[in-house]
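S.K.: So I've got this file, coords-v1.txt, and it contains compact mmCIF, C-alpha atoms and all ligand atoms:
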```txt
# COMPACT_ATOMS: atom_id res chain seq x y z
CA MET A 20 -22.78 22.27 -8.77
CA THR A 21 -22.53 19.20 -10.96
CA ALA A 22 -19.42 17.22 -11.73
CA PRO A 23 -18.13 16.94 -15.26
CA LEU A 24 -19.39 13.53 -16.29
CA ASP A 25 -16.72 11.03 -15.37
CA SER A 26 -17.68 7.53 -16.41
CA ALA A 27 -14.87 6.12 -14.29
CA ALA A 28 -16.11 7.75 -11.11
CA ARG A 29 -16.59 4.81 -8.83
CA PRO A 30 -15.45 3.64 -5.43
CA ALA A 31 -11.94 2.27 -5.04
CA ALA A 32 -10.40 0.08 -2.36
CA HIS A 33 -6.64 0.63 -2.23
CA ILE A 34 -5.01 -2.42 -0.70
CA ASP A 35 -1.48 -2.14 0.64
CA LEU A 36 0.06 -5.60 0.27
CA ASP A 37 3.24 -4.48 2.03
CA ALA A 38 1.14 -3.52 5.06
CA ILE A 39 -0.39 -7.01 4.99
CA ALA A 40 3.13 -8.45 4.89
CA ARG A 41 4.16 -6.33 7.88
CA ASN A 42 1.04 -7.35 9.80
CA TRP A 43 1.87 -10.99 9.05
CA ARG A 44 5.44 -10.49 10.33
CA ARG A 45 4.05 -9.08 13.58
CA LEU A 46 2.12 -12.33 14.09
CA ASP A 47 4.89 -14.68 13.03
CA ALA A 48 7.04 -15.73 15.98
CA GLY A 49 10.30 -14.42 14.55
CA ASP A 50 12.42 -17.19 13.12
CA ALA A 51 9.89 -19.84 14.06
CA GLY A 52 8.04 -19.27 10.79
CA ASP A 53 4.93 -20.58 12.46
CA ALA A 54 2.33 -18.32 10.89
CA GLY A 55 0.03 -19.36 8.11
CA ALA A 56 -2.54 -17.01 6.63
CA VAL A 57 -6.31 -17.27 6.39
CA VAL A 58 -7.48 -16.02 2.98
CA LYS A 59 -11.05 -17.34 2.98
CA ALA A 60 -13.88 -15.30 1.45
CA ASN A 61 -11.45 -14.01 -1.18
CA GLY A 62 -8.95 -12.81 1.39
CA TYR A 63 -11.63 -11.13 3.57
CA GLY A 64 -12.86 -9.36 0.46
CA LEU A 65 -9.47 -7.94 -0.47
CA GLY A 66 -8.24 -10.50 -3.03
CA ALA A 67 -6.90 -13.92 -1.99
CA ALA A 68 -4.48 -14.39 -4.90
CA PRO A 69 -2.48 -11.15 -4.70
CA ILE A 70 -2.41 -11.40 -0.91
CA ALA A 71 -1.17 -14.99 -0.95
CA ARG A 72 1.48 -14.20 -3.56
CA ARG A 73 2.75 -11.32 -1.46
CA LEU A 74 2.84 -13.48 1.68
CA ILE A 75 4.67 -16.29 -0.14
CA ALA A 76 7.37 -13.76 -0.93
CA GLU A 77 7.44 -13.01 2.80
CA GLY A 78 7.89 -16.69 3.69
CA CYS A 79 4.34 -17.87 4.40
CA ARG A 80 3.86 -21.54 3.49
CA ALA A 81 0.31 -22.40 4.60
CA PHE A 82 -2.97 -20.85 3.47
CA PHE A 83 -6.46 -21.52 4.73
CA VAL A 84 -9.71 -21.07 2.80
CA ALA A 85 -13.29 -21.97 3.67
CA THR A 86 -14.53 -23.80 0.60
CA LEU A 87 -13.28 -26.21 -2.04
CA ASP A 88 -13.99 -23.64 -4.78
CA GLU A 89 -11.88 -21.08 -2.99
CA GLY A 90 -9.11 -23.64 -2.67
CA GLU A 91 -9.18 -24.54 -6.37
CA GLN A 92 -9.12 -20.90 -7.42
CA LEU A 93 -6.23 -20.11 -5.11
CA ARG A 94 -4.26 -23.16 -6.23
CA ALA A 95 -4.59 -22.05 -9.86
CA ALA A 96 -3.26 -18.59 -8.96
CA LEU A 97 -0.20 -19.67 -6.95
CA PRO A 98 3.17 -21.17 -7.73
CA ALA A 99 3.63 -24.76 -6.56
CA GLY A 100 4.74 -25.27 -2.99
CA PRO A 101 2.55 -23.73 -0.31
CA SER A 102 -0.15 -25.86 1.27
CA ILE A 103 -3.81 -24.85 0.97
CA HIS A 104 -6.21 -26.08 3.64
CA VAL A 105 -10.00 -26.15 3.28
CA PHE A 106 -11.75 -25.47 6.59
CA ASN A 107 -15.21 -26.62 5.55
CA GLY A 108 -13.95 -30.13 5.04
CA LEU A 109 -14.45 -33.00 2.67
CA ALA A 110 -17.93 -33.14 1.16
CA ASP A 111 -19.22 -36.43 -0.21
CA GLY A 112 -17.53 -37.30 -3.47
CA ALA A 113 -15.16 -34.33 -3.37
CA GLY A 114 -12.02 -36.44 -2.90
CA PRO A 115 -10.88 -36.32 -6.55
CA ARG A 116 -11.14 -32.53 -6.65
CA PHE A 117 -8.97 -32.22 -3.53
CA LEU A 118 -6.43 -34.56 -5.10
CA ASN A 119 -6.43 -32.79 -8.47
CA ALA A 120 -5.85 -29.40 -6.93
CA GLY A 121 -3.48 -30.66 -4.24
CA LEU A 122 -5.62 -29.32 -1.41
CA SER A 123 -5.52 -30.43 2.21
CA PRO A 124 -8.98 -31.16 3.57
CA VAL A 125 -9.69 -30.23 7.16
CA LEU A 126 -11.39 -33.43 8.31
CA ASN A 127 -14.24 -32.42 10.57
CA SER A 128 -15.85 -35.78 11.36
CA LEU A 129 -14.97 -39.44 11.64
CA ALA A 130 -16.85 -40.06 8.39
CA GLN A 131 -14.60 -37.53 6.65
CA VAL A 132 -11.49 -39.24 8.07
CA GLU A 133 -12.71 -42.56 6.68
CA ALA A 134 -13.66 -41.05 3.33
CA TRP A 135 -10.28 -39.35 2.88
CA ALA A 136 -8.42 -42.51 3.92
CA ALA A 137 -10.29 -44.32 1.15
CA ALA A 138 -9.93 -41.57 -1.48
CA ARG A 139 -6.33 -40.52 -1.13
CA SER A 140 -3.48 -41.60 -3.34
CA ALA A 141 0.15 -42.08 -2.36
CA ASP A 142 1.10 -38.54 -3.39
CA ALA A 143 -1.96 -36.90 -1.80
CA PRO A 144 -1.39 -33.79 0.27
CA PRO A 145 -1.56 -34.29 4.04
CA ALA A 146 -4.85 -33.75 5.82
CA ASP A 147 -5.75 -31.80 8.96
CA LEU A 148 -7.89 -33.18 11.75
CA HIS A 149 -10.23 -30.65 13.38
CA VAL A 150 -11.26 -31.59 16.90
CA ASP A 151 -13.93 -29.54 18.63
CA THR A 152 -12.78 -28.25 22.01
CA GLY A 153 -15.93 -26.41 23.00
CA MET A 154 -17.06 -24.13 20.20
CA ASN A 155 -19.59 -26.65 18.85
CA ARG A 156 -19.27 -25.48 15.29
CA LEU A 157 -16.95 -27.78 13.32
CA GLY A 158 -14.71 -30.70 14.21
CA LEU A 159 -14.88 -34.14 15.78
CA CYS A 160 -16.90 -34.24 18.97
CA GLN A 161 -15.65 -36.18 22.00
CA GLY A 162 -17.43 -39.39 21.03
CA GLU A 163 -16.00 -39.35 17.52
CA LEU A 164 -12.52 -38.67 18.83
CA ALA A 165 -12.85 -41.68 21.16
CA ALA A 166 -13.93 -43.79 18.19
CA LEU A 167 -10.93 -42.60 16.20
CA LEU A 168 -8.60 -43.41 19.10
CA ASP A 169 -10.02 -46.95 19.04
CA ARG A 170 -8.91 -47.22 15.40
CA PRO A 171 -5.64 -45.25 15.48
CA GLU A 172 -4.47 -46.76 12.17
CA LEU A 173 -6.95 -44.37 10.53
CA ILE A 174 -4.77 -41.39 11.49
CA ALA A 175 -1.94 -42.57 9.24
CA ALA A 176 -4.30 -43.98 6.61
CA ALA A 177 -5.85 -40.51 6.23
CA GLY A 178 -2.42 -38.88 6.11
CA VAL A 179 -3.24 -36.59 9.04
CA GLU A 180 -0.24 -34.41 9.87
CA LEU A 181 -1.90 -31.47 11.68
CA VAL A 182 -4.44 -31.38 14.50
CA MET A 183 -6.38 -28.19 14.86
CA SER A 184 -9.11 -26.62 16.93
CA HIS A 185 -10.63 -23.15 17.09
CA LEU A 186 -11.09 -20.74 19.99
CA ALA A 187 -14.54 -19.29 20.58
CA CYS A 188 -13.52 -16.35 22.80
CA ALA A 189 -9.96 -15.41 21.84
CA ASP A 190 -11.06 -11.81 21.22
CA THR A 191 -11.65 -11.52 24.99
CA PRO A 192 -8.42 -12.68 26.65
CA SER A 193 -9.91 -12.76 30.15
CA HIS A 194 -12.72 -15.11 29.10
CA PRO A 195 -12.44 -18.39 31.07
CA LYS A 196 -13.32 -20.39 27.95
CA ASN A 197 -9.82 -19.73 26.54
CA ALA A 198 -8.09 -21.68 29.32
CA ARG A 199 -10.69 -24.47 29.16
CA GLN A 200 -10.25 -24.90 25.41
CA LEU A 201 -6.46 -24.82 25.77
CA ALA A 202 -6.55 -27.56 28.41
CA ARG A 203 -8.92 -29.65 26.33
CA PHE A 204 -6.74 -29.19 23.23
CA ARG A 205 -3.67 -30.36 25.14
CA ASP A 206 -5.54 -33.50 26.24
CA VAL A 207 -6.68 -34.20 22.70
CA LEU A 208 -3.18 -33.70 21.35
CA GLY A 209 -1.66 -35.95 24.00
CA ALA A 210 -4.09 -38.75 23.18
CA LEU A 211 -3.48 -38.47 19.43
CA ARG A 212 0.29 -38.15 19.74
CA ALA A 213 0.38 -41.39 21.72
CA HIS A 214 -0.37 -42.98 18.35
CA ALA A 215 1.21 -40.44 15.99
CA PRO A 216 4.02 -38.63 17.81
CA ARG A 217 4.91 -36.30 14.95
CA LEU A 218 1.48 -34.70 14.62
CA ARG A 219 1.70 -30.91 14.44
CA ALA A 220 -0.84 -28.69 16.17
CA SER A 221 -2.71 -25.44 15.53
CA LEU A 222 -5.18 -23.66 17.81
CA ALA A 223 -4.95 -19.90 17.34
CA ASN A 224 -6.56 -17.34 15.04
CA SER A 225 -5.28 -13.71 15.07
CA ALA A 226 -6.35 -13.01 18.64
CA GLY A 227 -5.32 -16.45 19.86
CA ALA A 228 -1.81 -15.94 18.47
CA LEU A 229 -1.49 -12.91 20.74
CA LEU A 230 -2.91 -14.52 23.90
CA GLY A 231 0.49 -15.94 24.82
CA PRO A 232 3.04 -18.46 23.58
CA GLU A 233 1.13 -21.39 25.08
CA HIS A 234 -1.67 -20.84 22.56
CA ARG A 235 0.57 -20.85 19.49
CA PHE A 236 1.62 -24.52 19.13
CA ASP A 237 3.23 -25.26 15.73
CA LEU A 238 1.13 -23.06 13.44
CA VAL A 239 -1.08 -20.02 13.95
CA ARG A 240 -3.91 -19.10 11.58
CA PRO A 241 -4.33 -15.32 11.51
CA GLY A 242 -6.91 -13.66 9.30
CA ILE A 243 -8.37 -10.34 10.39
CA ALA A 244 -5.16 -8.91 11.88
CA LEU A 245 -3.41 -9.34 8.52
CA TYR A 246 -6.05 -7.09 7.00
CA GLY A 247 -5.73 -4.33 9.59
CA GLY A 248 -8.61 -5.36 11.84
CA ASP A 249 -8.09 -5.29 15.58
CA PRO A 250 -8.71 -8.91 16.60
CA PHE A 251 -9.72 -7.97 20.13
CA ALA A 252 -13.08 -6.87 21.42
CA PRO A 253 -13.15 -3.12 22.23
CA GLY A 254 -11.09 -2.52 25.36
CA ALA A 255 -9.86 -6.12 25.57
CA ARG A 256 -6.41 -5.75 23.95
CA PRO A 257 -3.70 -7.32 26.13
CA ALA A 258 -0.80 -5.04 27.11
CA GLY A 259 1.99 -5.23 24.56
CA ALA A 260 -0.03 -6.91 21.80
CA PRO A 261 0.90 -5.31 18.46
CA THR A 262 -1.70 -3.15 16.74
CA PRO A 263 -2.26 -4.12 13.11
CA GLU A 264 -1.64 -1.29 10.68
CA PRO A 265 -4.36 -0.21 8.24
CA VAL A 266 -4.40 -2.07 4.93
CA VAL A 267 -7.48 -0.87 3.07
CA THR A 268 -8.31 2.69 2.05
CA LEU A 269 -11.83 2.96 0.67
CA THR A 270 -12.57 6.16 -1.20
CA ALA A 271 -15.33 7.40 -3.49
CA PRO A 272 -15.74 10.56 -5.53
CA ILE A 273 -18.07 13.46 -4.84
CA ILE A 274 -20.47 13.75 -7.75
CA GLN A 275 -22.53 16.73 -6.62
CA LEU A 276 -22.48 19.48 -3.99
CA ARG A 277 -25.31 21.58 -2.61
CA ASP A 278 -25.83 24.12 0.12
CA VAL A 279 -28.71 23.55 2.52
CA THR A 280 -30.40 25.69 5.11
CA PRO A 281 -32.29 24.91 8.31
CA GLY A 282 -35.54 23.10 7.67
CA ASP A 283 -34.26 21.27 4.57
CA HIS A 284 -34.42 17.48 4.59
CA VAL A 285 -31.93 15.02 3.19
CA GLY A 286 -32.38 11.68 1.47
CA TYR A 287 -34.94 8.89 1.65
CA GLY A 288 -37.62 9.22 4.25
CA ALA A 289 -36.52 12.83 4.76
CA ALA A 290 -34.81 11.17 7.70
CA HIS A 291 -32.40 14.04 8.35
CA GLU A 292 -33.55 17.60 9.01
CA VAL A 293 -30.92 20.28 8.56
CA ASP A 294 -30.49 22.49 11.65
CA ALA A 295 -27.69 24.78 10.50
CA PRO A 296 -26.46 26.02 7.11
CA ALA A 297 -24.24 23.35 5.60
CA ARG A 298 -22.56 22.20 2.44
CA LEU A 299 -23.49 18.64 1.51
CA ALA A 300 -21.71 16.34 -0.89
CA THR A 301 -23.31 13.39 -2.65
CA VAL A 302 -20.74 10.62 -3.04
CA ALA A 303 -20.77 7.64 -5.42
CA LEU A 304 -20.80 4.90 -2.80
CA GLY A 305 -23.71 3.04 -1.25
CA TYR A 306 -24.85 -0.09 0.46
CA ALA A 307 -24.45 -2.02 -2.79
CA ASP A 308 -20.75 -1.36 -2.30
CA GLY A 309 -20.81 -2.72 1.22
CA VAL A 310 -21.19 0.45 3.26
CA LEU A 311 -23.83 -0.85 5.60
CA ARG A 312 -27.06 1.10 5.68
CA ALA A 313 -27.05 0.84 9.47
CA GLY A 314 -24.23 3.42 9.47
CA GLY A 315 -26.54 6.15 8.12
CA GLY A 316 -26.58 9.20 10.39
CA ARG A 317 -23.76 7.69 12.48
CA GLY A 318 -20.67 7.00 10.40
CA TYR A 319 -18.36 9.47 8.76
CA GLY A 320 -16.04 10.04 5.84
CA VAL A 321 -12.92 12.19 5.82
CA LEU A 322 -12.04 14.87 3.28
CA ALA A 323 -8.81 16.86 3.48
CA GLY A 324 -8.39 15.84 7.10
CA ALA A 325 -11.86 17.07 8.05
CA ARG A 326 -14.59 14.77 9.25
CA ALA A 327 -17.58 14.60 6.95
CA PRO A 328 -20.47 13.04 8.89
CA ILE A 329 -22.86 10.80 6.99
CA VAL A 330 -26.16 12.65 6.79
CA GLY A 331 -29.50 10.87 6.46
CA ARG A 332 -29.96 7.41 5.05
CA ILE A 333 -27.41 5.56 2.96
CA SER A 334 -28.82 4.69 -0.48
CA MET A 335 -27.87 1.80 -2.70
CA ASP A 336 -25.40 3.83 -4.79
CA LEU A 337 -25.04 7.12 -2.94
CA ILE A 338 -24.11 8.59 0.41
CA THR A 339 -24.59 12.19 1.50
CA VAL A 340 -21.94 13.67 3.76
CA ASP A 341 -21.63 17.07 5.40
CA VAL A 342 -18.42 18.57 3.99
CA THR A 343 -18.80 22.03 5.51
CA ALA A 344 -15.62 21.57 7.54
CA ALA A 345 -13.58 20.63 4.46
CA GLY A 346 -13.92 24.08 2.90
CA GLN A 347 -12.45 24.46 -0.58
CA ALA A 348 -11.42 20.80 -0.70
CA ALA A 349 -15.06 19.87 -1.29
CA ARG A 350 -15.18 19.80 -5.08
CA PRO A 351 -16.83 17.50 -7.58
CA GLY A 352 -14.42 14.65 -8.23
CA ALA A 353 -12.65 14.96 -4.86
CA ARG A 354 -12.47 11.60 -3.15
CA VAL A 355 -13.83 11.08 0.34
CA GLU A 356 -12.18 8.41 2.52
CA PHE A 357 -14.57 6.04 4.28
CA LEU A 358 -12.00 3.50 5.48
CA GLY A 359 -8.30 4.01 5.92
CA PRO A 360 -5.75 5.75 8.08
CA HIS A 361 -8.13 8.68 8.78
CA ALA A 362 -11.29 6.61 9.00
CA PRO A 363 -10.42 3.53 11.05
CA LEU A 364 -12.12 0.24 10.32
CA ALA A 365 -13.09 -0.03 13.98
CA ASP A 366 -15.01 3.28 13.85
CA ALA A 367 -16.87 2.35 10.68
CA ALA A 368 -17.77 -1.05 12.12
CA ALA A 369 -18.99 0.48 15.38
CA ALA A 370 -21.10 3.05 13.51
CA ALA A 371 -22.83 0.26 11.61
CA GLY A 372 -23.21 -1.93 14.69
CA THR A 373 -20.95 -4.66 13.33
CA ILE A 374 -17.38 -5.97 13.29
CA PRO A 375 -14.50 -5.27 10.89
CA TYR A 376 -14.83 -8.78 9.45
CA GLU A 377 -18.31 -8.08 8.11
CA LEU A 378 -17.33 -4.72 6.63
CA LEU A 379 -14.34 -6.11 4.75
CA THR A 380 -16.03 -9.22 3.41
CA GLY A 381 -18.99 -7.08 2.34
CA LEU A 382 -17.01 -4.74 0.08
CA GLY A 383 -18.89 -5.01 -3.17
CA PRO A 384 -17.68 -5.88 -6.66
CA ARG A 385 -18.21 -2.27 -7.82
CA CYS A 386 -15.31 -1.17 -5.61
CA GLU A 387 -12.25 -1.36 -7.78
CA ARG A 388 -9.41 -3.15 -5.96
CA VAL A 389 -6.14 -1.32 -6.50
CA TYR A 390 -3.00 -2.98 -5.17
CA ALA A 391 0.22 -1.46 -3.91
CA GLY A 392 3.23 -3.61 -3.18
CA GLU A 393 2.34 -6.43 -5.54
CA ALA A 394 4.78 -9.37 -5.51
CA ALA A 395 6.50 -10.07 -8.81
CA SER A 396 5.26 -13.37 -10.21
C1 LIG A 401 -11.66 -17.56 10.05
C2 LIG A 401 -10.84 -18.52 10.84
C3 LIG A 401 -9.57 -18.16 11.33
C4 LIG A 401 -9.06 -16.73 11.25
O1 LIG A 401 -9.68 -15.97 12.25
P1 LIG A 401 -9.32 -14.41 12.51
O2 LIG A 401 -10.12 -14.06 13.71
O3 LIG A 401 -9.74 -13.68 11.29
O4 LIG A 401 -7.85 -14.33 12.72
C5 LIG A 401 -8.79 -19.14 11.93
N1 LIG A 401 -9.25 -20.39 12.07
C6 LIG A 401 -10.47 -20.78 11.65
C7 LIG A 401 -10.92 -22.18 11.86
C8 LIG A 401 -11.31 -19.86 11.03
O5 LIG A 401 -12.53 -20.23 10.63
```
Could you spell out this file's structure in structure tokens?

M.R.:
Amino acid sequence: MTAPLDSAARPAAHIDLDAIARNWRRLDAGDAGDAGAVVKANGYGLGAAPIARRLIAEGCRAFFVATLDEGEQLRAALPAGPSIHVFNGLADGAGPRFLNAGLSPVLNSLAQVEAWAAARSADAPPADLHVDTGMNRLGLCQGELAALLDRPELIAAAGVELVMSHLACADTPSHPKNARQLARFRDVLGALRAHAPRLRASLANSAGALLGPEHRFDLVRPGIALYGGDPFAPGARPAGAPTPEPVVTLTAPIIQLRDVTPGDHVGYGAAHEVDAPARLATVALGYADGVLRAGGGRGYGVLAGARAPIVGRISMDLITVDVTAAGQAARPGARVEFLGPHAPLADAAAAAGTIPYELLTGLGPRCERVYAGEAAS
């Protein structure tokens, strides 16, 4: 059976912006309005600009990206007002670009604090100061913080209004590192506020925001939970923590069907041997679209409510699934769901031996992004 040639037959990622808004609300402490949103890596692969516009309509005022380029692109796509913070900091000579685009650098070293103090103008956006509390990835180390505290005038000169740090183990609430980082962050904040009492503070990502009120401070920085990913390690969800609702539905069309019998082999390497009569569907989706090859023989799609296990290896542009259980619903052109309400992100990530973050950010450019709930702007 061959499909009528459909030149538009390609994978689609349906993104429910209203679901993102509801997930954001679940992480915002009610009237406190203390939740920002992390939209780095193009909004975890889902589209930073439409997501940010939708969240602005919901009341979000602070967005975080990783790189200067991401910040400039987001600034150009948004109405004036919300702050945009660049985690990866102030590279040499980048000051004018931050000023032009009105971006807040996250200052990760004493040298960056000095450079921003020298570069900024009177109307420059405020900066963030990132202090490392034990992750050893970004931020001022203890020695640099001590040096800054010896020259406290630099805090005002650099226009620092927010102090942040990042938790290494928030996805595992029982991990002792969480309490150690919290204690260290409080010490850091106390020392800095002795010089700048109005400094605001931010420690928590999605999981951190749900660890308890003591981790929230003035601003939380959720990412993955906005996009429907469970921020906790499997089995580590604290009682009462809200479950994010699914946001992305990834589907792709069947382009061919065939019946196989025992002894037949499927796909590259003849890696799968058929052991019972089955109906197989070849679907227009592959690892070039971000469906990790490691999920071959382990993951599944869903068609008409029936599981369609992935059979054999995943190719660049194609996946073969067993649609026997879907009966008459298995037709050329029918769309198989690989992520969504029937095919949870957590299952797909586990099948490929990875985490939801990597799946979402890996969704390829060939997947058409289709938005529901777009904010008027
Ligand atoms: C990516 C990132 C976040 C968001 O983390 P999630 O686990 O996706 O909520 C928050 N803060 C920093 C510094 C980050 O790099």

S.K.: To one decimal in Å, tell me the separation between CA of Ala260 in chain A and CA of Asp366 in chain A.

M.R.: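 Taking CA of Ala260 in chain A and CA of Asp366 in chain A, their separation equals 19.8 Å.
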
S.K.: So which one's closest to Arg240 in chain A, A:Ala307, A:Leu222, A:Ala198, A:Ala110? Using all atoms listed in the file, please.

M.R.: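 Comparing A:Ala307, A:Leu222, A:Ala198, A:Ala110 against Arg240 in chain A, the winner is A:Leu222.
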
S.K.: From the options A:Gly231, A:Gly108, A:Gly316, A:Gly90, which residue's atoms come nearest to ligand LIG 401 (chain A), counting only C-alpha atoms and all ligand atoms?

M.R.: A:Gly108

S.K.: Show me, as a Markdown table, the residues of chain A having an atom within 10 Å of ligand LIG 401 (chain A), each with the closest atom pair and its distance in Å, using all atoms listed in the file.

M.R.:
```
| residue | atom | partner | partner_atom | distance |
| --- | --- | --- | --- | --- |
| A:Gly55 | CA | A:LIG401 | C5 | 9.6 |
| A:Ala56 | CA | A:LIG401 | C4 | 8.0 |
| A:Val57 | CA | A:LIG401 | C4 | 5.6 |
| A:Val58 | CA | A:LIG401 | C1 | 8.4 |
| A:Lys59 | CA | A:LIG401 | C1 | 7.1 |
| A:Ala60 | CA | A:LIG401 | C1 | 9.2 |
| A:Gly62 | CA | A:LIG401 | O3 | 10.0 |
| A:Tyr63 | CA | A:LIG401 | O3 | 8.3 |
| A:Phe83 | CA | A:LIG401 | C5 | 7.9 |
| A:Val84 | CA | A:LIG401 | C1 | 8.3 |
| A:Ala85 | CA | A:LIG401 | O5 | 7.2 |
| A:Val105 | CA | A:LIG401 | C7 | 9.5 |
| A:Phe106 | CA | A:LIG401 | C7 | 6.3 |
| A:Asn107 | CA | A:LIG401 | O5 | 8.6 |
| A:Val125 | CA | A:LIG401 | C7 | 9.4 |
| A:His149 | CA | A:LIG401 | C7 | 8.6 |
| A:Arg156 | CA | A:LIG401 | C7 | 9.6 |
| A:Leu157 | CA | A:LIG401 | C7 | 8.4 |
| A:Gly158 | CA | A:LIG401 | C7 | 9.6 |
| A:Met183 | CA | A:LIG401 | C7 | 8.1 |
| A:Ser184 | CA | A:LIG401 | C7 | 7.0 |
| A:His185 | CA | A:LIG401 | C7 | 5.3 |
| A:Leu186 | CA | A:LIG401 | N1 | 8.1 |
| A:Ala187 | CA | A:LIG401 | O2 | 9.7 |
| A:Cys188 | CA | A:LIG401 | O2 | 10.0 |
| A:Ala189 | CA | A:LIG401 | O2 | 8.2 |
| A:Asp190 | CA | A:LIG401 | O2 | 7.9 |
| A:Ser221 | CA | A:LIG401 | N1 | 9.0 |
| A:Leu222 | CA | A:LIG401 | N1 | 7.8 |
| A:Ala223 | CA | A:LIG401 | C5 | 6.7 |
| A:Asn224 | CA | A:LIG401 | O4 | 4.0 |
| A:Ser225 | CA | A:LIG401 | O4 | 3.5 |
| A:Ala226 | CA | A:LIG401 | O4 | 6.2 |
| A:Gly227 | CA | A:LIG401 | O4 | 7.9 |
| A:Ala228 | CA | A:LIG401 | O4 | 8.5 |
| A:Val239 | CA | A:LIG401 | C5 | 8.0 |
| A:Arg240 | CA | A:LIG401 | C5 | 4.9 |
| A:Pro241 | CA | A:LIG401 | O4 | 3.9 |
| A:Gly242 | CA | A:LIG401 | O3 | 3.5 |
| A:Ile243 | CA | A:LIG401 | O3 | 3.7 |
| A:Ala244 | CA | A:LIG401 | O4 | 6.1 |
| A:Leu245 | CA | A:LIG401 | O4 | 7.9 |
| A:Tyr246 | CA | A:LIG401 | O3 | 8.7 |
| A:Gly248 | CA | A:LIG401 | O3 | 8.4 |
| A:Asp249 | CA | A:LIG401 | O2 | 9.2 |
| A:Pro250 | CA | A:LIG401 | O2 | 6.1 |
| A:Phe251 | CA | A:LIG401 | O2 | 8.9 |
| A:Pro375 | CA | A:LIG401 | O3 | 9.7 |
| A:Tyr376 | CA | A:LIG401 | O3 | 7.3 |
```

S.K.: Between A:Ile329, A:Leu201, A:Ala210, A:Ala177, single out the one closest to Ala137 in chain A, counting all atoms listed in the file.

M.R.: A:Ala177

S.K.: Please compute the CA of Gly66 in chain A-CA of Gly78 in chain A distance, one decimal, in Å.

M.R.: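 Value for the CA of Gly66 in chain A-CA of Gly78 in chain A distance: 18.5 Å.
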
S.K.: With distances taken over all atoms listed in the file, which of A:Ala71, A:Leu148, A:Leu211, A:Pro195 is nearest to Asp169 in chain A?

M.R.: A:Leu211

S.K.: Smallest atom-to-atom distance to Ala367 in chain A: which of A:Ala40, A:Val310, A:Ala202, A:Leu322, using only C-alpha atoms?

M.R.: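 Looking at the shortest contact to Ala367 in chain A, the residue is A:Val310.
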
S.K.: What does range 266-275 of chain A look like written to a file with N, CA, C and O atoms, as a PDB file, in the first residue's frame?

M.R.:
```
ATOM      1  N   VAL A 266       2.481  19.760  26.749  1.00  0.00           N
ATOM      2  CA  VAL A 266       2.476  20.972  25.923  1.00  0.00           C
ATOM      3  C   VAL A 266       2.659  20.632  24.448  1.00  0.00           C
ATOM      4  O   VAL A 266       2.043  21.237  23.581  1.00  0.00           O
ATOM      5  N   VAL A 267       3.525  19.672  24.175  1.00  0.00           N
ATOM      6  CA  VAL A 267       3.896  19.352  22.806  1.00  0.00           C
ATOM      7  C   VAL A 267       3.246  18.054  22.371  1.00  0.00           C
ATOM      8  O   VAL A 267       3.308  17.063  23.099  1.00  0.00           O
ATOM      9  N   THR A 268       2.662  18.049  21.174  1.00  0.00           N
ATOM     10  CA  THR A 268       2.208  16.805  20.560  1.00  0.00           C
ATOM     11  C   THR A 268       2.952  16.664  19.242  1.00  0.00           C
ATOM     12  O   THR A 268       2.782  17.481  18.327  1.00  0.00           O
ATOM     13  N   LEU A 269       3.815  15.661  19.189  1.00  0.00           N
ATOM     14  CA  LEU A 269       4.609  15.418  17.980  1.00  0.00           C
ATOM     15  C   LEU A 269       3.968  14.285  17.190  1.00  0.00           C
ATOM     16  O   LEU A 269       3.812  13.178  17.719  1.00  0.00           O
ATOM     17  N   THR A 270       3.588  14.584  15.967  1.00  0.00           N
ATOM     18  CA  THR A 270       2.980  13.548  15.122  1.00  0.00           C
ATOM     19  C   THR A 270       3.681  13.519  13.762  1.00  0.00           C
ATOM     20  O   THR A 270       4.296  14.496  13.349  1.00  0.00           O
ATOM     21  N   ALA A 271       3.546  12.376  13.092  1.00  0.00           N
ATOM     22  CA  ALA A 271       4.075  12.262  11.728  1.00  0.00           C
ATOM     23  C   ALA A 271       3.205  11.275  10.963  1.00  0.00           C
ATOM     24  O   ALA A 271       2.620  10.359  11.551  1.00  0.00           O
ATOM     25  N   PRO A 272       3.105  11.491   9.644  1.00  0.00           N
ATOM     26  CA  PRO A 272       2.199  10.674   8.848  1.00  0.00           C
ATOM     27  C   PRO A 272       2.790   9.319   8.441  1.00  0.00           C
ATOM     28  O   PRO A 272       3.990   9.198   8.174  1.00  0.00           O
ATOM     29  N   ILE A 273       1.923   8.343   8.365  1.00  0.00           N
ATOM     30  CA  ILE A 273       2.283   7.057   7.766  1.00  0.00           C
ATOM     31  C   ILE A 273       2.413   7.269   6.262  1.00  0.00           C
ATOM     32  O   ILE A 273       1.533   7.861   5.633  1.00  0.00           O
ATOM     33  N   ILE A 274       3.523   6.810   5.686  1.00  0.00           N
ATOM     34  CA  ILE A 274       3.625   6.921   4.232  1.00  0.00           C
ATOM     35  C   ILE A 274       3.521   5.563   3.530  1.00  0.00           C
ATOM     36  O   ILE A 274       3.245   5.514   2.341  1.00  0.00           O
ATOM     37  N   GLN A 275       3.681   4.493   4.249  1.00  0.00           N
ATOM     38  CA  GLN A 275       3.497   3.185   3.612  1.00  0.00           C
ATOM     39  C   GLN A 275       3.171   2.133   4.662  1.00  0.00           C
ATOM     40  O   GLN A 275       3.616   2.250   5.805  1.00  0.00           O
TER      41      GLN A 275
END
```
